>>> print(open('start-v9.txt').read())   # compact mmCIF, C-alpha atoms (C1' of nucleotides)
# COMPACT_ATOMS: atom_id res chain seq x y z
CA MET A 1 26.29 -39.08 -42.86
CA PRO A 2 24.23 -37.73 -45.72
CA ARG A 3 26.26 -36.42 -48.57
CA PRO A 4 26.25 -32.68 -49.16
CA ALA A 5 25.77 -31.08 -52.55
CA VAL A 6 29.38 -29.93 -52.52
CA PRO A 7 31.86 -32.60 -51.42
CA ARG A 8 33.51 -31.92 -48.13
CA GLU A 9 36.93 -31.96 -49.72
CA GLU A 10 35.94 -29.07 -51.96
CA ILE A 11 34.56 -27.16 -48.99
CA VAL A 12 37.77 -27.60 -47.02
CA ASP A 13 39.69 -26.53 -50.10
CA ARG A 14 37.83 -23.25 -50.27
CA LEU A 15 38.17 -22.69 -46.54
CA GLY A 16 41.89 -23.18 -46.99
CA GLU A 17 42.04 -20.49 -49.61
CA VAL A 18 40.52 -18.00 -47.18
CA PHE A 19 42.90 -18.95 -44.38
CA ARG A 20 45.86 -18.67 -46.74
CA ARG A 21 44.86 -15.26 -47.96
CA HIS A 22 43.74 -13.70 -44.69
CA GLY A 23 45.44 -15.66 -41.94
CA TYR A 24 43.58 -17.23 -39.05
CA GLU A 25 42.28 -14.11 -37.35
CA GLY A 26 41.54 -12.37 -40.61
CA ALA A 27 39.46 -15.29 -41.86
CA SER A 28 36.06 -14.18 -40.62
CA LEU A 29 32.99 -16.40 -40.78
CA LYS A 30 31.63 -13.97 -43.33
CA LEU A 31 34.57 -14.63 -45.64
CA LEU A 32 34.50 -18.34 -44.92
CA SER A 33 30.80 -18.43 -45.64
CA GLY A 34 31.14 -16.47 -48.86
CA ALA A 35 33.98 -18.62 -50.18
CA THR A 36 32.14 -21.88 -49.60
CA GLY A 37 28.67 -20.68 -50.51
CA LEU A 38 27.48 -22.10 -47.22
CA GLY A 39 25.56 -20.03 -44.71
CA ARG A 40 26.87 -19.61 -41.20
CA SER A 41 24.51 -22.26 -39.89
CA SER A 42 25.67 -24.77 -42.48
CA LEU A 43 29.26 -24.12 -41.59
CA TYR A 44 28.48 -24.86 -37.95
CA HIS A 45 26.66 -27.97 -39.07
CA TYR A 46 29.82 -29.27 -40.74
CA PHE A 47 32.22 -27.83 -38.18
CA PRO A 48 30.56 -27.76 -34.75
CA ASN A 49 33.47 -25.98 -33.13
CA GLY A 50 33.41 -23.21 -35.68
CA LYS A 51 36.56 -21.63 -37.02
CA GLU A 52 38.87 -23.82 -35.02
CA ASP A 53 37.35 -26.96 -36.52
CA MET A 54 37.60 -25.49 -39.99
CA ALA A 55 41.27 -24.69 -39.56
CA GLU A 56 41.83 -28.15 -38.16
CA ALA A 57 40.18 -29.69 -41.22
CA VAL A 58 42.35 -27.61 -43.52
CA LEU A 59 45.46 -28.78 -41.68
CA ASP A 60 44.22 -32.37 -41.87
CA GLN A 61 43.86 -32.03 -45.59
CA ALA A 62 47.35 -30.60 -45.95
CA GLU A 63 48.76 -33.52 -43.97
CA ALA A 64 46.83 -35.95 -46.11
CA TRP A 65 48.41 -34.33 -49.14
CA GLY A 66 51.81 -35.01 -47.61
CA ALA A 67 51.01 -38.65 -47.00
CA ASN A 68 49.47 -39.17 -50.42
CA THR A 69 51.93 -37.21 -52.50
CA LEU A 70 55.30 -37.15 -50.77
CA GLY A 71 54.89 -40.62 -49.28
CA PRO A 72 54.87 -42.50 -52.61
CA VAL A 73 57.80 -40.44 -53.89
CA LEU A 74 59.81 -41.40 -50.88
CA ALA A 75 58.77 -45.05 -51.05
CA SER A 76 59.61 -45.36 -54.75
CA ASP A 77 62.91 -46.84 -55.86
CA ALA A 78 63.80 -43.81 -57.96
CA ALA A 79 67.23 -42.26 -57.67
CA PRO A 80 67.62 -39.50 -55.06
CA GLU A 81 67.98 -36.90 -57.82
CA GLU A 82 64.68 -38.02 -59.29
CA LYS A 83 62.99 -38.05 -55.90
CA ALA A 84 64.19 -34.50 -55.27
CA ARG A 85 62.84 -33.46 -58.64
CA ARG A 86 59.45 -34.96 -57.88
CA VAL A 87 59.28 -33.44 -54.42
CA VAL A 88 60.02 -30.04 -55.88
CA ALA A 89 57.25 -30.53 -58.42
CA ALA A 90 54.90 -31.54 -55.60
CA PHE A 91 55.66 -28.40 -53.59
CA ASP A 92 55.34 -26.28 -56.70
CA ASP A 93 51.90 -27.72 -57.26
CA PHE A 94 50.84 -27.52 -53.62
CA TYR A 95 51.68 -23.83 -53.40
CA SER A 96 50.27 -23.11 -56.85
CA GLY A 97 53.62 -22.03 -58.18
CA GLY A 98 54.08 -19.49 -55.40
CA LYS A 99 50.64 -17.90 -55.45
CA ARG A 100 49.52 -19.61 -52.24
CA SER A 101 50.82 -18.89 -48.78
CA CYS A 102 51.83 -21.57 -46.32
CA LEU A 103 49.42 -22.28 -43.48
CA LEU A 104 52.28 -23.27 -41.18
CA GLU A 105 53.50 -19.73 -41.45
CA LEU A 106 50.13 -18.12 -40.81
CA PHE A 107 49.07 -20.42 -38.00
CA ALA A 108 52.19 -19.59 -35.99
CA ILE A 109 50.96 -16.04 -35.33
CA GLY A 110 48.77 -14.55 -32.63
CA ASP A 111 45.88 -16.53 -31.20
CA ALA A 112 46.29 -19.30 -33.76
CA ARG A 113 49.71 -20.03 -32.37
CA ASP A 114 48.22 -20.95 -29.01
CA VAL A 115 45.96 -23.50 -30.65
CA PHE A 116 48.02 -24.79 -33.57
CA GLY A 117 51.60 -24.00 -32.56
CA ASP A 118 52.48 -27.54 -31.56
CA ARG A 119 50.96 -29.00 -34.65
CA VAL A 120 52.80 -26.49 -36.84
CA ALA A 121 56.11 -27.40 -35.25
CA GLN A 122 55.49 -31.09 -35.65
CA ARG A 123 54.53 -30.68 -39.28
CA LEU A 124 57.64 -28.63 -40.05
CA THR A 125 59.72 -31.29 -38.37
CA THR A 126 58.11 -34.08 -40.34
CA LEU A 127 58.59 -32.32 -43.66
CA THR A 128 62.21 -31.61 -42.81
CA GLN A 129 62.77 -35.28 -42.03
CA ILE A 130 61.30 -36.28 -45.35
CA LEU A 131 63.72 -34.02 -47.17
CA ALA A 132 66.59 -35.20 -44.99
CA ARG A 133 65.78 -38.75 -45.95
CA ILE A 134 66.43 -37.91 -49.59
CA ALA A 135 69.70 -36.21 -48.76
CA GLU A 136 70.78 -39.30 -46.85
CA GLU A 137 69.92 -41.54 -49.76
CA ALA A 138 72.15 -39.33 -51.86
CA GLY A 139 75.01 -40.29 -49.58
CA HIS A 140 75.13 -37.51 -47.01
CA ALA A 141 75.65 -38.37 -43.36
CA ALA A 142 72.66 -37.71 -41.09
CA PRO A 143 73.81 -34.38 -39.60
CA ASP A 144 74.73 -33.00 -43.02
CA ALA A 145 71.48 -34.27 -44.48
CA ALA A 146 69.54 -32.56 -41.69
CA ARG A 147 71.25 -29.26 -42.42
CA ARG A 148 70.50 -29.59 -46.10
CA ALA A 149 66.86 -30.38 -45.42
CA GLU A 150 66.60 -27.36 -43.14
CA ALA A 151 68.10 -25.15 -45.83
CA ALA A 152 65.54 -26.52 -48.28
CA MET A 153 62.67 -25.73 -45.90
CA VAL A 154 64.08 -22.25 -45.43
CA ALA A 155 64.24 -21.77 -49.20
CA ILE A 156 60.68 -22.94 -49.74
CA HIS A 157 59.16 -20.72 -47.07
CA GLY A 158 61.41 -17.79 -47.75
CA GLY A 159 60.53 -18.04 -51.40
CA LEU A 160 56.85 -17.98 -50.54
CA VAL A 161 57.23 -14.93 -48.31
CA VAL A 162 59.30 -12.95 -50.77
CA SER A 163 57.02 -13.86 -53.65
CA ARG A 164 53.94 -12.86 -51.74
CA GLY A 165 55.51 -9.60 -50.64
CA LEU A 166 56.58 -8.71 -54.14
CA GLY A 167 53.44 -10.02 -55.81
CA ASP A 168 55.71 -12.00 -58.13
CA THR A 169 56.07 -15.78 -58.16
CA ALA A 170 59.54 -15.70 -59.70
CA PRO A 171 61.49 -15.73 -56.42
CA PHE A 172 59.62 -18.81 -55.25
CA ARG A 173 60.22 -20.63 -58.50
CA ARG A 174 63.90 -19.79 -58.46
CA ALA A 175 64.10 -20.96 -54.85
CA LEU A 176 62.55 -24.28 -55.85
CA ASP A 177 65.03 -24.61 -58.69
CA THR A 178 67.90 -24.64 -56.23
CA LEU A 179 66.36 -27.34 -54.03
CA PRO A 180 67.75 -30.46 -55.75
CA ASP A 181 71.26 -29.10 -55.47
CA THR A 182 70.68 -28.02 -51.90
CA LEU A 183 69.62 -31.52 -50.94
CA ILE A 184 72.00 -33.57 -53.03
CA ARG A 185 75.05 -31.88 -54.45
CA MET B 1 54.70 19.42 -29.37
CA PRO B 2 54.87 18.70 -25.67
CA ARG B 3 57.04 15.79 -24.79
CA PRO B 4 55.39 12.66 -23.50
CA ALA B 5 56.54 10.73 -20.44
CA VAL B 6 57.55 7.81 -22.66
CA PRO B 7 59.48 8.83 -25.77
CA ARG B 8 57.63 8.22 -28.99
CA GLU B 9 60.35 5.93 -30.23
CA GLU B 10 59.79 3.63 -27.29
CA ILE B 11 56.04 3.66 -27.88
CA VAL B 12 56.47 2.72 -31.53
CA ASP B 13 58.88 0.01 -30.43
CA ARG B 14 56.26 -1.57 -28.23
CA LEU B 15 53.57 -1.25 -30.87
CA GLY B 16 55.91 -3.05 -33.22
CA GLU B 17 56.26 -5.95 -30.83
CA VAL B 18 52.50 -6.43 -30.81
CA PHE B 19 52.25 -6.27 -34.59
CA ARG B 20 55.10 -8.76 -34.93
CA ARG B 21 53.56 -11.20 -32.52
CA HIS B 22 49.92 -10.96 -33.60
CA GLY B 23 49.96 -9.65 -37.14
CA TYR B 24 47.98 -6.62 -38.27
CA GLU B 25 44.46 -7.92 -37.74
CA GLY B 26 45.37 -9.72 -34.54
CA ALA B 27 46.86 -6.59 -33.02
CA SER B 28 43.76 -5.26 -31.27
CA LEU B 29 43.63 -1.84 -29.67
CA LYS B 30 43.37 -3.64 -26.36
CA LEU B 31 46.73 -5.36 -26.93
CA LEU B 32 48.27 -2.19 -28.36
CA SER B 33 47.05 -0.24 -25.36
CA GLY B 34 48.31 -2.79 -22.88
CA ALA B 35 51.75 -3.05 -24.46
CA THR B 36 52.31 0.70 -24.45
CA GLY B 37 50.62 1.49 -21.15
CA LEU B 38 48.60 4.12 -23.01
CA GLY B 39 44.82 4.23 -22.91
CA ARG B 40 42.82 4.16 -26.11
CA SER B 41 42.38 7.90 -26.08
CA SER B 42 46.09 8.49 -25.69
CA LEU B 43 46.82 6.17 -28.57
CA TYR B 44 44.41 8.16 -30.74
CA HIS B 45 46.06 11.32 -29.55
CA TYR B 46 49.42 10.12 -30.88
CA PHE B 47 47.98 8.30 -33.89
CA PRO B 48 44.83 10.09 -35.10
CA ASN B 49 44.08 7.47 -37.71
CA GLY B 50 44.24 4.65 -35.20
CA LYS B 51 45.75 1.30 -36.01
CA GLU B 52 46.70 2.25 -39.53
CA ASP B 53 48.77 5.18 -38.29
CA MET B 54 50.41 2.98 -35.70
CA ALA B 55 51.41 0.40 -38.27
CA GLU B 56 52.66 3.19 -40.51
CA ALA B 57 54.82 4.52 -37.68
CA VAL B 58 56.24 1.07 -37.05
CA LEU B 59 57.11 0.73 -40.74
CA ASP B 60 58.65 4.20 -40.71
CA GLN B 61 60.84 3.18 -37.81
CA ALA B 62 61.92 0.01 -39.59
CA GLU B 63 62.87 2.03 -42.65
CA ALA B 64 64.78 4.47 -40.50
CA TRP B 65 66.68 1.52 -39.10
CA GLY B 66 67.61 0.58 -42.64
CA ALA B 67 68.86 4.04 -43.46
CA ASN B 68 70.76 4.42 -40.19
CA THR B 69 72.24 0.96 -39.95
CA LEU B 70 72.61 -0.52 -43.41
CA GLY B 71 73.34 2.85 -45.04
CA PRO B 72 76.64 3.46 -43.25
CA VAL B 73 77.77 -0.12 -43.83
CA LEU B 74 77.18 0.30 -47.53
CA ALA B 75 78.84 3.71 -47.63
CA SER B 76 81.94 2.52 -45.79
CA ASP B 77 85.08 1.55 -47.66
CA ALA B 78 85.25 -1.87 -46.05
CA ALA B 79 85.80 -4.95 -48.20
CA PRO B 80 82.66 -6.65 -49.54
CA GLU B 81 83.25 -9.62 -47.22
CA GLU B 82 83.34 -7.29 -44.24
CA LYS B 83 80.25 -5.44 -45.40
CA ALA B 84 78.39 -8.72 -45.74
CA ARG B 85 79.48 -9.69 -42.25
CA ARG B 86 78.20 -6.40 -40.85
CA VAL B 87 74.93 -6.60 -42.69
CA VAL B 88 74.35 -10.07 -41.31
CA ALA B 89 75.07 -8.80 -37.81
CA ALA B 90 72.60 -5.96 -38.38
CA PHE B 91 69.84 -8.34 -39.47
CA ASP B 92 70.62 -10.65 -36.57
CA ASP B 93 70.19 -7.72 -34.22
CA PHE B 94 67.09 -6.35 -35.94
CA TYR B 95 65.26 -9.66 -35.71
CA SER B 96 66.56 -10.35 -32.20
CA GLY B 97 68.45 -13.41 -33.30
CA GLY B 98 65.33 -14.93 -34.85
CA LYS B 99 62.86 -14.27 -32.06
CA ARG B 100 61.10 -11.48 -33.93
CA SER B 101 58.94 -11.87 -36.99
CA CYS B 102 59.24 -9.69 -40.06
CA LEU B 103 56.57 -7.05 -40.54
CA LEU B 104 56.90 -7.27 -44.31
CA GLU B 105 55.67 -10.82 -44.06
CA LEU B 106 52.75 -10.03 -41.76
CA PHE B 107 51.63 -6.90 -43.55
CA ALA B 108 51.25 -8.77 -46.85
CA ILE B 109 48.25 -10.71 -45.54
CA GLY B 110 44.55 -9.95 -45.50
CA ASP B 111 43.31 -6.41 -45.02
CA ALA B 112 46.80 -5.14 -44.26
CA ARG B 113 47.87 -6.11 -47.75
CA ASP B 114 45.38 -3.68 -49.27
CA VAL B 115 46.87 -0.83 -47.27
CA PHE B 116 50.54 -1.73 -47.01
CA GLY B 117 51.10 -4.08 -49.92
CA ASP B 118 52.81 -1.53 -52.14
CA ARG B 119 55.02 -0.34 -49.37
CA VAL B 120 55.98 -3.90 -48.48
CA ALA B 121 56.95 -4.63 -52.07
CA GLN B 122 58.99 -1.47 -52.32
CA ARG B 123 60.80 -2.20 -49.08
CA LEU B 124 61.65 -5.74 -50.15
CA THR B 125 62.97 -4.37 -53.41
CA THR B 126 65.10 -1.79 -51.66
CA LEU B 127 66.61 -4.31 -49.28
CA THR B 128 67.34 -6.66 -52.15
CA GLN B 129 69.10 -3.88 -54.02
CA ILE B 130 71.26 -3.13 -51.01
CA LEU B 131 72.37 -6.74 -50.83
CA ALA B 132 72.88 -6.85 -54.59
CA ARG B 133 75.15 -3.84 -54.28
CA ILE B 134 77.48 -5.81 -52.03
CA ALA B 135 77.50 -8.76 -54.40
CA GLU B 136 78.42 -6.43 -57.24
CA GLU B 137 81.26 -4.94 -55.24
CA ALA B 138 82.51 -8.48 -54.77
CA GLY B 139 82.83 -8.73 -58.53
CA HIS B 140 79.58 -10.31 -59.65
CA ALA B 141 77.81 -8.98 -62.71
CA ALA B 142 74.49 -7.24 -62.05
CA PRO B 143 72.16 -10.13 -62.98
CA ASP B 144 74.15 -12.61 -60.93
CA ALA B 145 74.34 -10.17 -58.03
CA ALA B 146 70.58 -9.71 -58.16
CA ARG B 147 70.01 -13.45 -57.98
CA ARG B 148 72.37 -13.75 -55.05
CA ALA B 149 70.63 -10.91 -53.22
CA GLU B 150 67.28 -12.54 -53.82
CA ALA B 151 68.58 -15.82 -52.43
CA ALA B 152 69.80 -13.95 -49.37
CA MET B 153 66.39 -12.35 -48.84
CA VAL B 154 64.79 -15.76 -49.22
CA ALA B 155 67.17 -17.21 -46.64
CA ILE B 156 66.51 -14.43 -44.13
CA HIS B 157 62.73 -14.64 -44.34
CA GLY B 158 62.62 -18.39 -44.65
CA GLY B 159 64.85 -18.64 -41.61
CA LEU B 160 62.50 -16.40 -39.68
CA VAL B 161 59.44 -18.44 -40.68
CA VAL B 162 60.99 -21.80 -39.88
CA SER B 163 62.40 -20.56 -36.60
CA ARG B 164 59.07 -19.14 -35.55
CA GLY B 165 57.24 -22.29 -36.51
CA LEU B 166 59.63 -24.51 -34.61
CA GLY B 167 60.04 -22.15 -31.68
CA ASP B 168 63.78 -22.46 -32.15
CA THR B 169 66.09 -19.69 -33.37
CA ALA B 170 68.73 -22.09 -34.67
CA PRO B 171 67.42 -22.30 -38.26
CA PHE B 172 67.46 -18.52 -38.57
CA ARG B 173 70.98 -18.27 -37.23
CA ARG B 174 72.21 -20.98 -39.55
CA ALA B 175 70.50 -19.23 -42.46
CA LEU B 176 72.31 -16.02 -41.57
CA ASP B 177 75.60 -17.88 -41.43
CA THR B 178 75.27 -18.81 -45.08
CA LEU B 179 74.57 -15.25 -46.21
CA PRO B 180 78.13 -14.02 -46.81
CA ASP B 181 78.84 -17.00 -49.04
CA THR B 182 75.53 -16.58 -50.80
CA LEU B 183 76.34 -12.98 -51.65
CA ILE B 184 80.03 -13.23 -52.38
CA ARG B 185 81.53 -16.63 -53.05
C1' DG C 1 20.99 -29.36 -44.27
C1' DT C 2 19.72 -24.73 -44.74
C1' DC C 3 17.17 -20.75 -43.38
C1' DT C 4 16.09 -16.45 -40.28
C1' DA C 5 16.74 -14.27 -36.14
C1' DT C 6 19.36 -12.95 -32.46
C1' DA C 7 22.16 -13.20 -28.49
C1' DG C 8 26.40 -11.44 -26.36
C1' DG C 9 30.68 -9.67 -26.75
C1' DA C 10 34.68 -7.40 -28.73
C1' DA C 11 36.24 -4.64 -32.27
C1' DG C 12 37.64 0.29 -33.96
C1' DA C 13 36.67 4.90 -33.28
C1' DT C 14 34.88 9.45 -31.21
C1' DA C 15 33.20 13.13 -27.80
C1' DG C 16 33.78 15.92 -24.06
C1' DA C 17 35.30 16.67 -19.21
C1' DC C 18 39.43 17.39 -16.64
C1' DG D 1 47.67 14.15 -22.48
C1' DT D 2 44.64 11.22 -20.12
C1' DC D 3 40.18 9.86 -18.38
C1' DT D 4 35.23 7.99 -18.76
C1' DA D 5 31.49 7.22 -21.49
C1' DT D 6 29.51 6.04 -25.63
C1' DC D 7 28.57 4.83 -30.61
C1' DT D 8 28.54 1.75 -34.37
C1' DT D 9 29.98 -2.05 -36.54
C1' DC D 10 31.62 -6.49 -36.80
C1' DC D 11 32.48 -10.77 -34.77
C1' DT D 12 31.58 -15.73 -33.13
C1' DA D 13 28.10 -18.61 -31.80
C1' DT D 14 23.40 -20.49 -30.87
C1' DA D 15 18.29 -21.35 -31.20
C1' DG D 16 14.52 -22.89 -33.55
C1' DA D 17 11.58 -23.11 -37.74
C1' DC D 18 11.37 -25.43 -42.12
>>> encode(input="start-v9.txt", output="structure tokens")
Amino acid sequence: MPRPAVPREEIVDRLGEVFRRHGYEGASLKLLSGATGLGRSSLYHYFPNGKEDMAEAVLDQAEAWGANTLGPVLASDAAPEEKARRVVAAFDDFYSGGKRSCLLELFAIGDARDVFGDRVAQRLTTLTQILARIAEEAGHAAPDAARRAEAAMVAIHGGLVVSRGLGDTAPFRRALDTLPDTLIR
Amino acid sequence: MPRPAVPREEIVDRLGEVFRRHGYEGASLKLLSGATGLGRSSLYHYFPNGKEDMAEAVLDQAEAWGANTLGPVLASDAAPEEKARRVVAAFDDFYSGGKRSCLLELFAIGDARDVFGDRVAQRLTTLTQILARIAEEAGHAAPDAARRAEAAMVAIHGGLVVSRGLGDTAPFRRALDTLPDTLIR
DNA sequence: GTCTATAGGAAGATAGAC
DNA sequence: GTCTATCTTCCTATAGAC
């Protein structure tokens, strides 16, 4: 494993940007190549299965973010209100304040759905459970906590969609603002 | 204008299903042709500018739905609560209870965004204003009504995204259930 | 690891016969 | 209106030299 000039993490980051902006089918090798500065051949060197491998790597990275960022928040002994606040900040950062789209949304369309559909569903479920956990810690019974977590997921993704459609991050930010109350109050 | 065997409305309907399922770039002429039963040449006969014209027609039809369905609800002299209830029923029907995706979401990605981005933004704005109108009739001041309408739009589109990702319409339906309260209470 | 070259297919779109 | 045939461009993917 020789180390490349550009760290793999950075490469996957740039691939992710293309997938987020153009969706799976719209992310052509030309775009992927241009965004990373790697020629087609180099891309196939790093990702032998081509586009599918690249998308997989981007999803891996997003899941790693969840484990590394949300995990510690959950494991901390902070109050539920504080945990909610930190989770909101994490999502705000992850989606660049509403400028980025969510891969789980884009990979549930067309051909990508056939390949990544199960993984998307599992990831949405996991994230919902994390949020539900916080609602439970705030004293809500499991079924109520689950509903609150679902509403929070709906707000996050709806905020992203509306913000993208309007070309204005304000709706996403306002949606995030309501999250702590949605989960806890 | 000779009349075709299949009414144009039905053709546009079927085109819409392909766009909703595969997005703009994923909706190939092959899929579009198969879904309508029309050969490529026939499609170009109806839509001289190809895919772009087809997508335009689908958007036109969606806007017509808005004028024909939401318009009368708004114009009626029903109570705001009843209007909200009817609007929710209309959205539920339009999105087939959560099984359909929203074109405004899909057409804000990749190449489609360059062509339809402005129209998407305008449509989202119009729909938000319609919802805000109901909130105002329920007694909320304009800024508050606008925030409530935005939250409703976020809930609708977030519900669609989460439902699609999970392959389960329940989140969308629960999101719709909260709409009247979001707009009015 | 990166390059050039290219295969092989699918994409969108058009032309002309019927 | 629909058909067949065709054009061009773009796509993913691979091969082999360096």
>>> closest_atom_pairs(input="start-v9.txt", of="chain C", to="chain A", cutoff="10 Å", atoms="all atoms listed in the file", output="Markdown table")
| residue | atom | partner | partner_atom | distance |
| --- | --- | --- | --- | --- |
| C:DG1 | C1' | A:Ser42 | CA | 6.8 |
| C:DT2 | C1' | A:Ser42 | CA | 6.4 |
| C:DC3 | C1' | A:Ser41 | CA | 8.3 |
>>> interface_residues(input="start-v9.txt", of="chain A", to="chain D", cutoff="12 Å", atoms="all atoms listed in the file", output="PyMOL selection string")
chain A and resi 25-31+40-41+43-45+47-52
>>> atom_distance(input="start-v9.txt", atom1="CA of Val12 (chain A)", atom2="CA of Val58 (chain A)")
5.8 Å
>>> residues_near_point(input="start-v9.txt", point="(62.5, -18.6, -57.3)", cutoff="10 Å", atoms="only C-alpha atoms (C1' of nucleotides)", output="MDAnalysis selection string")
(chainID A and resid 97:98 155:156 158:160 162:163 168:178) or (chainID B and resid 147 150:151 154)
>>> atom_distance(input="start-v9.txt", atom1="CA of Ser76 (chain A)", atom2="CA of Ala121 (chain A)")
26.7 Å
>>> atom_distance(input="start-v9.txt", atom1="CA of Pro80 (chain A)", atom2="CA of Asp144 (chain A)")
15.4 Å
>>> closest_residue(input="start-v9.txt", among="B:Leu131, B:Ala138, B:Leu104, B:Leu179", to="chain A", atoms="all atoms listed in the file")
B:Leu104
>>> closest_residue(input="start-v9.txt", among="B:Asp181, B:Glu136, B:Glu63, B:Glu105", to="Val88 (chain B)", atoms="all atoms listed in the file")
B:Asp181
>>> closest_residue(input="start-v9.txt", among="B:Ser101, B:Ser96, B:Thr182, B:Thr36", to="chain A", atoms="all atoms listed in the file")
B:Ser101
>>> decode(input="start-v9.txt", residues="chain C", atoms="C-alpha atoms (C1' of nucleotides)", output="mmCIF file, in the first residue's frame")
data_model
loop_
_atom_site.group_PDB
_atom_site.id
_atom_site.type_symbol
_atom_site.label_atom_id
_atom_site.label_comp_id
_atom_site.auth_asym_id
_atom_site.auth_seq_id
_atom_site.Cartn_x
_atom_site.Cartn_y
_atom_site.Cartn_z
ATOM 1 C "C1'" DG C 1 0.592 5.137 -9.892
ATOM 2 C "C1'" DT C 2 -0.241 7.540 -13.988
ATOM 3 C "C1'" DC C 3 -0.335 7.891 -18.895
ATOM 4 C "C1'" DT C 4 -2.383 7.033 -23.832
ATOM 5 C "C1'" DA C 5 -5.280 4.468 -26.530
ATOM 6 C "C1'" DT C 6 -9.286 2.135 -27.353
ATOM 7 C "C1'" DA C 7 -12.842 -1.165 -26.964
ATOM 8 C "C1'" DG C 8 -17.862 -1.748 -26.723
ATOM 9 C "C1'" DG C 9 -22.079 -0.109 -25.625
ATOM 10 C "C1'" DA C 10 -25.734 3.135 -24.529
ATOM 11 C "C1'" DA C 11 -27.053 7.700 -24.623
ATOM 12 C "C1'" DG C 12 -29.823 11.614 -27.090
ATOM 13 C "C1'" DA C 13 -31.283 13.034 -31.395
ATOM 14 C "C1'" DT C 14 -32.497 13.114 -36.555
ATOM 15 C "C1'" DA C 15 -33.884 11.624 -41.445
ATOM 16 C "C1'" DG C 16 -36.859 9.687 -44.519
ATOM 17 C "C1'" DA C 17 -40.091 5.927 -45.892
ATOM 18 C "C1'" DC C 18 -44.710 4.468 -45.056
#
